[in-house]
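*Asks:* Sharing my_file.txt, compact mmCIF, C-alpha atoms:
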```txt
# COMPACT_ATOMS: atom_id res chain seq x y z
CA MET A 1 -59.03 -27.65 -39.25
CA SER A 2 -60.91 -24.43 -38.71
CA PHE A 3 -59.77 -21.01 -39.74
CA PHE A 4 -59.30 -20.10 -36.09
CA GLN A 5 -56.92 -23.01 -35.50
CA MET A 6 -54.50 -22.10 -38.24
CA SER A 7 -50.98 -21.57 -36.96
CA SER A 8 -50.16 -18.73 -39.31
CA SER A 9 -52.00 -16.08 -41.22
CA VAL A 10 -50.63 -17.51 -44.47
CA ALA A 11 -52.07 -20.94 -43.75
CA ALA A 12 -55.35 -19.39 -42.68
CA ARG A 13 -55.51 -17.33 -45.85
CA ARG A 14 -54.87 -20.39 -47.99
CA LEU A 15 -57.73 -22.18 -46.31
CA PHE A 16 -59.97 -19.17 -46.72
CA LEU A 17 -59.09 -18.74 -50.38
CA GLY A 18 -59.59 -22.42 -51.05
CA GLY A 19 -62.97 -22.53 -49.39
CA SER A 20 -64.76 -19.65 -51.02
CA GLY A 21 -65.30 -18.28 -54.48
CA LEU A 22 -66.27 -14.88 -53.14
CA VAL A 23 -62.90 -13.53 -52.15
CA LEU A 24 -60.70 -10.65 -53.08
CA SER A 25 -58.48 -12.73 -55.33
CA GLY A 26 -61.41 -13.42 -57.65
CA ALA A 27 -62.00 -9.73 -58.17
CA ALA A 28 -58.32 -9.06 -58.54
CA ILE A 29 -57.76 -11.85 -61.05
CA ALA A 30 -60.73 -10.74 -63.12
CA LEU A 31 -59.42 -7.22 -63.15
CA LEU A 32 -55.83 -8.13 -63.86
CA ALA A 33 -56.65 -10.67 -66.54
CA ARG A 34 -59.40 -9.12 -68.57
CA ARG A 35 -60.29 -5.56 -67.78
CA ASP A 36 -57.06 -3.73 -67.26
CA ALA A 37 -56.55 -2.44 -70.79
CA LEU A 38 -60.10 -1.18 -71.04
CA ALA A 39 -59.89 0.46 -67.67
CA ALA A 40 -56.57 2.08 -68.47
CA GLN A 41 -58.00 3.73 -71.56
CA SER A 42 -60.97 5.28 -69.86
CA ASP A 43 -61.32 8.37 -67.72
CA SER A 44 -62.60 6.23 -64.90
CA GLY A 45 -59.50 4.06 -65.26
CA THR A 46 -57.30 7.11 -64.85
CA ALA A 47 -59.30 8.17 -61.83
CA ASP A 48 -59.11 4.65 -60.41
CA VAL A 49 -55.33 4.70 -60.72
CA GLN A 50 -55.25 7.93 -58.70
CA ILE A 51 -57.46 6.43 -56.00
CA LEU A 52 -55.29 3.32 -55.85
CA ASN A 53 -52.12 5.39 -55.66
CA THR A 54 -53.44 7.50 -52.81
CA ALA A 55 -54.36 4.31 -50.97
CA LEU A 56 -50.94 2.87 -51.76
CA ALA A 57 -49.22 5.94 -50.32
CA ALA A 58 -51.21 5.51 -47.10
CA GLU A 59 -50.39 1.78 -46.94
CA LEU A 60 -46.68 2.48 -47.38
CA GLU A 61 -46.86 5.02 -44.58
CA ALA A 62 -48.64 2.50 -42.35
CA ILE A 63 -45.89 -0.07 -43.00
CA ALA A 64 -43.30 2.50 -41.95
CA ALA A 65 -45.34 3.45 -38.88
CA TYR A 66 -45.50 -0.16 -37.67
CA GLN A 67 -41.77 -0.47 -38.31
CA LEU A 68 -41.23 2.55 -36.08
CA GLY A 69 -43.35 0.90 -33.42
CA ALA A 70 -41.49 -2.40 -33.72
CA GLU A 71 -38.11 -0.71 -33.42
CA SER A 72 -39.18 1.54 -30.56
CA LYS A 73 -38.56 -1.24 -27.99
CA LEU A 74 -41.78 -0.08 -26.36
CA LEU A 75 -43.93 -2.98 -27.57
CA MET A 76 -43.99 -6.19 -25.55
CA GLN A 77 -45.61 -9.47 -26.54
CA PRO A 78 -48.35 -10.04 -27.50
CA ALA A 79 -48.67 -6.44 -28.73
CA LEU A 80 -45.46 -6.71 -30.75
CA GLY A 81 -46.70 -9.83 -32.52
CA LEU A 82 -49.97 -8.13 -33.34
CA ALA A 83 -48.17 -5.11 -34.74
CA MET A 84 -46.00 -7.28 -36.96
CA THR A 85 -49.03 -9.22 -38.20
CA PHE A 86 -50.82 -5.99 -39.03
CA GLN A 87 -47.73 -4.63 -40.76
CA GLY A 88 -47.57 -7.81 -42.85
CA GLN A 89 -51.17 -7.32 -43.92
CA HIS A 90 -50.48 -3.71 -44.87
CA LYS A 91 -47.59 -5.02 -46.99
CA GLU A 92 -50.03 -7.39 -48.73
CA HIS A 93 -52.39 -4.47 -49.38
CA ALA A 94 -49.54 -2.35 -50.76
CA ASP A 95 -48.34 -5.16 -53.01
CA PHE A 96 -51.84 -5.69 -54.40
CA LEU A 97 -52.40 -1.96 -54.95
CA ALA A 98 -49.02 -1.45 -56.66
CA LYS A 99 -49.53 -4.40 -59.00
CA THR A 100 -53.02 -3.22 -59.88
CA VAL A 101 -51.78 0.30 -60.64
CA GLU A 102 -49.19 -1.20 -62.99
CA LYS A 103 -51.76 -3.41 -64.71
CA LEU A 104 -53.92 -0.35 -65.27
CA GLY A 105 -51.02 1.40 -66.97
CA GLY A 106 -50.11 3.66 -64.08
CA LYS A 107 -46.96 4.18 -62.10
CA PRO A 108 -47.20 3.10 -58.47
CA VAL A 109 -46.08 5.66 -55.91
CA GLN A 110 -42.98 4.69 -53.99
CA ALA A 111 -42.35 4.73 -50.27
CA LYS A 112 -40.84 7.98 -49.02
CA ALA A 113 -37.25 7.93 -47.86
CA THR A 114 -38.41 9.30 -44.52
CA TYR A 115 -41.75 9.85 -42.84
CA ASN A 116 -42.69 12.53 -40.35
CA PHE A 117 -43.95 10.59 -37.38
CA PRO A 118 -44.31 12.13 -33.90
CA ALA A 119 -41.72 9.72 -32.51
CA GLU A 120 -40.90 12.04 -29.61
CA GLN A 121 -44.49 11.63 -28.36
CA LEU A 122 -44.26 7.82 -28.22
CA LYS A 123 -43.06 7.00 -24.72
CA SER A 124 -44.99 3.86 -23.82
CA GLN A 125 -46.66 0.83 -25.36
CA ALA A 126 -50.01 2.56 -24.98
CA ASP A 127 -48.70 5.57 -26.92
CA VAL A 128 -47.58 3.32 -29.78
CA LEU A 129 -50.84 1.38 -29.86
CA GLY A 130 -52.84 4.60 -29.68
CA PHE A 131 -50.85 6.04 -32.56
CA ALA A 132 -51.46 2.90 -34.61
CA ALA A 133 -55.15 2.90 -33.72
CA LYS A 134 -55.56 6.46 -35.00
CA LEU A 135 -53.85 5.53 -38.26
CA GLU A 136 -56.09 2.49 -38.67
CA GLN A 137 -59.21 4.54 -37.89
CA GLY A 138 -58.18 7.04 -40.52
CA ALA A 139 -57.49 4.25 -42.99
CA VAL A 140 -60.98 2.85 -42.49
CA SER A 141 -62.45 6.29 -43.22
CA ALA A 142 -60.20 6.74 -46.22
CA TYR A 143 -61.26 3.45 -47.80
CA LEU A 144 -64.88 4.18 -46.97
CA GLY A 145 -64.47 7.48 -48.78
CA ALA A 146 -62.75 5.82 -51.73
CA VAL A 147 -65.11 2.90 -52.35
CA PRO A 148 -67.90 4.97 -53.94
CA LEU A 149 -65.44 6.76 -56.24
CA PHE A 150 -64.18 3.74 -58.14
CA GLY A 151 -65.38 3.39 -61.72
CA ASN A 152 -64.55 -0.29 -61.61
CA ARG A 153 -66.78 -2.23 -59.23
CA ASP A 154 -64.19 -4.98 -58.79
CA LEU A 155 -61.79 -2.38 -57.44
CA ALA A 156 -64.50 -1.06 -55.13
CA LYS A 157 -64.94 -4.60 -53.83
CA ALA A 158 -61.21 -4.99 -53.31
CA ALA A 159 -61.06 -1.68 -51.42
CA ALA A 160 -64.01 -2.78 -49.27
CA SER A 161 -62.13 -5.97 -48.47
CA ILE A 162 -59.10 -3.98 -47.31
CA LEU A 163 -61.42 -1.68 -45.33
CA GLY A 164 -62.74 -4.71 -43.45
CA ASP A 165 -59.24 -5.88 -42.60
CA GLU A 166 -58.16 -2.47 -41.34
CA ALA A 167 -61.35 -2.09 -39.30
CA MET A 168 -60.36 -5.32 -37.56
CA HIS A 169 -56.91 -3.86 -36.86
CA TRP A 170 -58.54 -0.79 -35.36
CA ALA A 171 -60.88 -2.86 -33.17
CA VAL A 172 -58.08 -5.10 -31.89
CA LEU A 173 -55.90 -2.10 -31.09
CA ARG A 174 -58.76 -0.45 -29.21
CA GLN A 175 -59.29 -3.66 -27.26
CA ALA A 176 -55.58 -3.77 -26.42
CA LEU A 177 -55.85 -0.20 -25.14
CA GLY A 178 -58.77 -1.12 -22.89
CA GLN A 179 -61.25 0.81 -25.01
CA PRO A 180 -64.57 -0.52 -26.34
CA PRO A 181 -63.33 -2.36 -29.45
CA VAL A 182 -66.31 -1.47 -31.62
CA PRO A 183 -67.41 2.02 -30.62
CA SER A 184 -70.41 2.33 -32.95
CA ALA A 185 -72.65 0.47 -35.36
CA PHE A 186 -71.36 2.44 -38.33
CA VAL A 187 -67.90 3.53 -39.40
CA ALA A 188 -67.58 6.93 -40.98
CA MET B 1 -91.73 9.85 -44.56
CA LYS B 2 -91.35 8.58 -41.01
CA VAL B 3 -87.77 7.60 -40.29
CA SER B 4 -86.89 5.31 -37.41
CA GLY B 5 -84.19 6.29 -34.95
CA ALA B 6 -81.89 3.55 -36.17
CA LEU B 7 -82.39 4.42 -39.82
CA ARG B 8 -81.86 8.09 -39.08
CA ALA B 9 -78.63 7.26 -37.25
CA GLY B 10 -77.52 5.23 -40.24
CA LEU B 11 -78.37 7.97 -42.69
CA LEU B 12 -76.50 10.49 -40.59
CA ALA B 13 -73.51 8.21 -40.37
CA THR B 14 -73.39 7.79 -44.11
CA GLY B 15 -74.11 11.44 -44.81
CA ALA B 16 -77.33 10.71 -46.65
CA TRP B 17 -79.59 12.70 -44.32
CA THR B 18 -79.57 16.41 -44.89
CA GLY B 19 -83.03 17.50 -43.83
CA ILE B 20 -82.05 18.59 -40.34
CA ALA B 21 -81.58 22.15 -39.12
CA MET B 22 -77.94 22.92 -38.36
CA ALA B 23 -76.67 23.53 -34.87
CA ALA B 24 -73.86 25.94 -34.09
CA PRO B 25 -70.50 24.57 -35.21
CA ASP B 26 -68.93 22.50 -32.46
CA ALA B 27 -65.15 22.06 -32.42
CA ARG B 28 -65.43 19.07 -30.06
CA ARG B 29 -67.58 17.20 -32.54
CA GLY B 30 -65.20 18.36 -35.22
CA GLU B 31 -62.23 16.89 -33.37
CA ALA B 32 -63.94 13.50 -33.38
CA LEU B 33 -64.68 13.89 -37.08
CA TYR B 34 -61.04 14.74 -37.71
CA GLY B 35 -60.30 11.08 -37.03
CA ARG B 36 -61.50 10.46 -40.59
CA CYS B 37 -58.82 12.77 -41.93
CA MET B 38 -56.02 11.10 -40.03
CA ALA B 39 -55.43 8.44 -42.65
CA CYS B 40 -53.64 11.09 -44.67
CA HIS B 41 -53.34 14.32 -42.68
CA ALA B 42 -51.80 15.64 -39.50
CA LEU B 43 -51.92 19.11 -38.03
CA ALA B 44 -48.24 19.88 -37.81
CA TYR B 45 -46.52 17.80 -40.48
CA ASP B 46 -47.03 16.57 -44.02
CA ARG B 47 -48.15 13.01 -44.63
CA VAL B 48 -49.99 11.59 -47.65
CA GLY B 49 -51.79 14.92 -47.49
CA PRO B 50 -50.37 18.29 -46.47
CA ARG B 51 -50.34 19.65 -42.90
CA HIS B 52 -53.36 21.55 -41.63
CA CYS B 53 -51.56 24.06 -39.44
CA GLY B 54 -51.65 27.37 -41.26
CA LEU B 55 -54.49 26.23 -43.49
CA PHE B 56 -56.74 29.27 -43.16
CA GLY B 57 -55.63 32.01 -45.50
CA ARG B 58 -53.20 29.71 -47.27
CA ARG B 59 -53.25 29.41 -51.03
CA ALA B 60 -54.10 25.88 -52.12
CA GLY B 61 -51.12 23.87 -53.26
CA SER B 62 -48.57 26.11 -51.56
CA VAL B 63 -47.01 24.12 -48.71
CA GLN B 64 -43.33 24.05 -49.54
CA GLY B 65 -41.96 20.60 -50.24
CA PHE B 66 -45.33 18.91 -50.55
CA GLU B 67 -46.05 17.18 -53.86
CA TYR B 68 -49.49 18.39 -54.95
CA SER B 69 -51.54 17.42 -57.96
CA GLU B 70 -51.25 19.77 -60.92
CA VAL B 71 -54.89 20.76 -60.59
CA MET B 72 -54.39 21.78 -56.97
CA LYS B 73 -51.23 23.73 -57.79
CA ARG B 74 -52.99 25.55 -60.62
CA SER B 75 -56.07 26.41 -58.61
CA SER B 76 -56.37 29.92 -57.29
CA ILE B 77 -58.23 28.84 -54.17
CA VAL B 78 -57.44 30.42 -50.86
CA TRP B 79 -58.65 28.26 -47.99
CA ASP B 80 -61.32 29.78 -45.79
CA GLU B 81 -64.58 28.53 -44.30
CA ARG B 82 -66.44 28.80 -47.59
CA THR B 83 -63.84 27.29 -49.90
CA LEU B 84 -63.09 24.48 -47.44
CA SER B 85 -66.75 23.64 -47.04
CA THR B 86 -67.27 23.54 -50.79
CA PHE B 87 -64.22 21.37 -51.38
CA LEU B 88 -64.85 18.98 -48.50
CA ALA B 89 -68.42 18.34 -49.62
CA ALA B 90 -67.13 16.44 -52.67
CA PRO B 91 -63.39 16.85 -53.38
CA GLN B 92 -63.38 14.85 -56.61
CA ALA B 93 -66.39 16.66 -58.03
CA THR B 94 -65.09 20.05 -56.95
CA MET B 95 -61.58 19.51 -58.23
CA PRO B 96 -61.30 16.53 -60.60
CA GLY B 97 -57.74 15.26 -60.59
CA THR B 98 -56.99 16.05 -56.96
CA THR B 99 -55.09 13.33 -55.15
CA MET B 100 -57.61 13.64 -52.32
CA THR B 101 -59.53 10.62 -53.50
CA TYR B 102 -62.17 10.81 -50.82
CA ASP B 103 -65.90 10.90 -51.36
CA GLY B 104 -66.24 13.87 -49.07
CA VAL B 105 -68.24 15.06 -46.10
CA PRO B 106 -71.71 15.65 -47.51
CA ASP B 107 -73.35 16.63 -44.23
CA PRO B 108 -73.08 20.43 -43.84
CA GLN B 109 -73.24 20.17 -40.04
CA GLU B 110 -70.28 17.80 -40.02
CA ARG B 111 -68.35 20.10 -42.34
CA ALA B 112 -69.08 23.09 -40.10
CA ASP B 113 -67.96 21.14 -37.02
CA LEU B 114 -64.82 19.94 -38.76
CA ILE B 115 -63.93 23.45 -39.91
CA ALA B 116 -64.57 24.79 -36.39
CA TYR B 117 -62.08 22.22 -35.08
CA LEU B 118 -59.50 23.10 -37.72
CA GLN B 119 -59.85 26.78 -36.80
CA GLN B 120 -59.42 25.97 -33.12
CA ALA B 121 -56.48 23.67 -33.83
CA SER B 122 -54.76 26.35 -35.86
CA ARG B 123 -54.45 28.35 -32.63
CA SER B 124 -53.27 25.35 -30.58
CA PRO B 125 -49.70 24.75 -29.39
CA ASP B 126 -49.36 22.11 -32.12
CA CYS B 127 -49.62 24.88 -34.68
CA VAL B 128 -48.35 27.98 -32.87
CA ARG B 129 -44.66 27.36 -32.27
```
Give the structure from the file, written as structure tokens.
*Replies:*
Amino acid sequence: MSFFQMSSSVAARRLFLGGSGLVLSGAAIALLARRDALAAQSDSGTADVQILNTALAAELEAIAAYQLGAESKLLMQPALGLAMTFQGQHKEHADFLAKTVEKLGGKPVQAKATYNFPAEQLKSQADVLGFAAKLEQGAVSAYLGAVPLFGNRDLAKAAASILGDEAMHWAVLRQALGQPPVPSAFVA
Amino acid sequence: MKVSGALRAGLLATGAWTGIAMAAPDARRGEALYGRCMACHALAYDRVGPRHCGLFGRRAGSVQGFEYSEVMKRSSIVWDERTLSTFLAAPQATMPGTTMTYDGVPDPQERADLIAYLQQASRSPDCVR
């Protein structure tokens, strides 16, 4: 069965993970198993924890933003299903980032009790999707700006993997809005 | 060195090309560039990063209720065109320990455009209420 025929993202991910040695989990396992103590003791490890925590804060905000969209009653299928899939992937990112921060000896940031979203400006499905698209665009830029800062190349690889996922979110949301899904050859 | 159009576009996109004379700052280009900031910032409210309304003339680390890094709180920076441009070029190098873990905006034209947009936005209804 091909990746595209999988009925769920979990099944698809299992197939993907089983079929390739060059996946995020390899980098994560290597980091978590062997290099965490060394990284935690170094200046670059401290800096890496800060980068991860900033990314974690943004992921937690994205999860809350998709929850707002889901509860707005403005999203119809298939947009609602897409939003929930994307939220689930942000949850996976947040879980990975939090566990890595802990392994590096840091304290993961927690979700805020409340977030300041412009809920009063969301009056249609297009408003919600546009709001999500802007967040995803920003996330792509944020990861792009974080990748070169990591002292640990495995973490840079993991961040690049998340960047790719969130760029796909952005493209799909743009497509749903009737915009060119991939507006340029480079992201910035 | 002769640089092809495609390569030049790539270098510009990644901020690696700096040998080009600067044009006048353009707030419209800056607004498009502000999309990069929107992972963490908004004009009128705090997110992962602090709000940008009221930025010019504000002392760094002084938005009430926002949880800044110690290094930002201790800095004596007042945000203006010059200090913003310096910081945005390489936040981590300029202020090690800042929670703005972003490689920066190395292209001076892009920084000028972005700052022009932030100045324009600071006078917009989003900020003037």
*Asks:* So what do you get for CA of Leu43 (chain B) versus CA of Gly164 (chain A), distance-wise?
*Replies:*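 We find that CA of Leu43 (chain B) and CA of Gly164 (chain A) lie 26.7 Å from each other.
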*Asks:* Just to confirm, what's the straight-line distance from CA of Glu61 (chain A) to CA of Lys134 (chain A) in Å (one decimal)?
*Replies:* 13.0 Å
*Asks:* Could you tell me how far CA of Ala94 (chain A) lies from CA of Ala32 (chain B), in Å and to one decimal?
*Replies:*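 Computing the Euclidean distance for CA of Ala94 (chain A) and CA of Ala32 (chain B) yields 27.6 Å.
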*Asks:* Between B:Leu33, B:Leu118, B:Ala23, B:Ala44, which one has atoms that come closest to Glu81 (chain B), using all atoms listed in the file?
*Replies:* B:Leu118
*Asks:* Report as a PyMOL selection string the set of chain A residues whose atoms approach chain B to within 12 Å, with distances computed over all atoms listed in the file.
*Replies:* chain A and resi 43-44+46-62+64-65+109-112+114-118+131-150+166+184-188
*Asks:* Give me, as a ChimeraX atom specification, all polymer residues having an atom no more than 10 Å from Thr86 (chain B), counting only C-alpha atoms and skipping those fewer than 2 positions away in the same chain.
*Replies:* /B:80-84,88-91,94,104-106,108,111
*Asks:* Measuring between all atoms listed in the file, which one of B:Gly30, B:Ser85, B:Cys53, B:Ala24 shows the shortest distance to Ala116 (chain B)?
*Replies:*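 Among the listed residues, the smallest separation from Ala116 (chain B) belongs to B:Gly30.
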*Asks:* Edge lengths and centre, in Å to one decimal, as lines of an AutoDock Vina configuration file: that's what I need for the box along x, y and z that holds all listed atoms of region 110-113 of chain B plus 3 Å on each side.
*Replies:*
```
center_x = -69.1
center_y = 20.4
center_z = -39.7
size_x = 8.3
size_y = 11.3
size_z = 11.3
```
*Asks:* Excluding same-chain residues fewer than 5 positions from Ala176 (chain A), what lies within 12 Å of it counting all atoms listed in the file, as a ChimeraX atom specification?
*Replies:* /A:75-80,82-83,125-130,132-133,169-171,181
*Asks:* Could you tell me which of A:Met168, A:Val182, A:Val101, A:Leu177 comes closest to Leu155 (chain A) if we count only C-alpha atoms?
*Replies:*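 Looking at the shortest contact to Leu155 (chain A), the residue is A:Val101.
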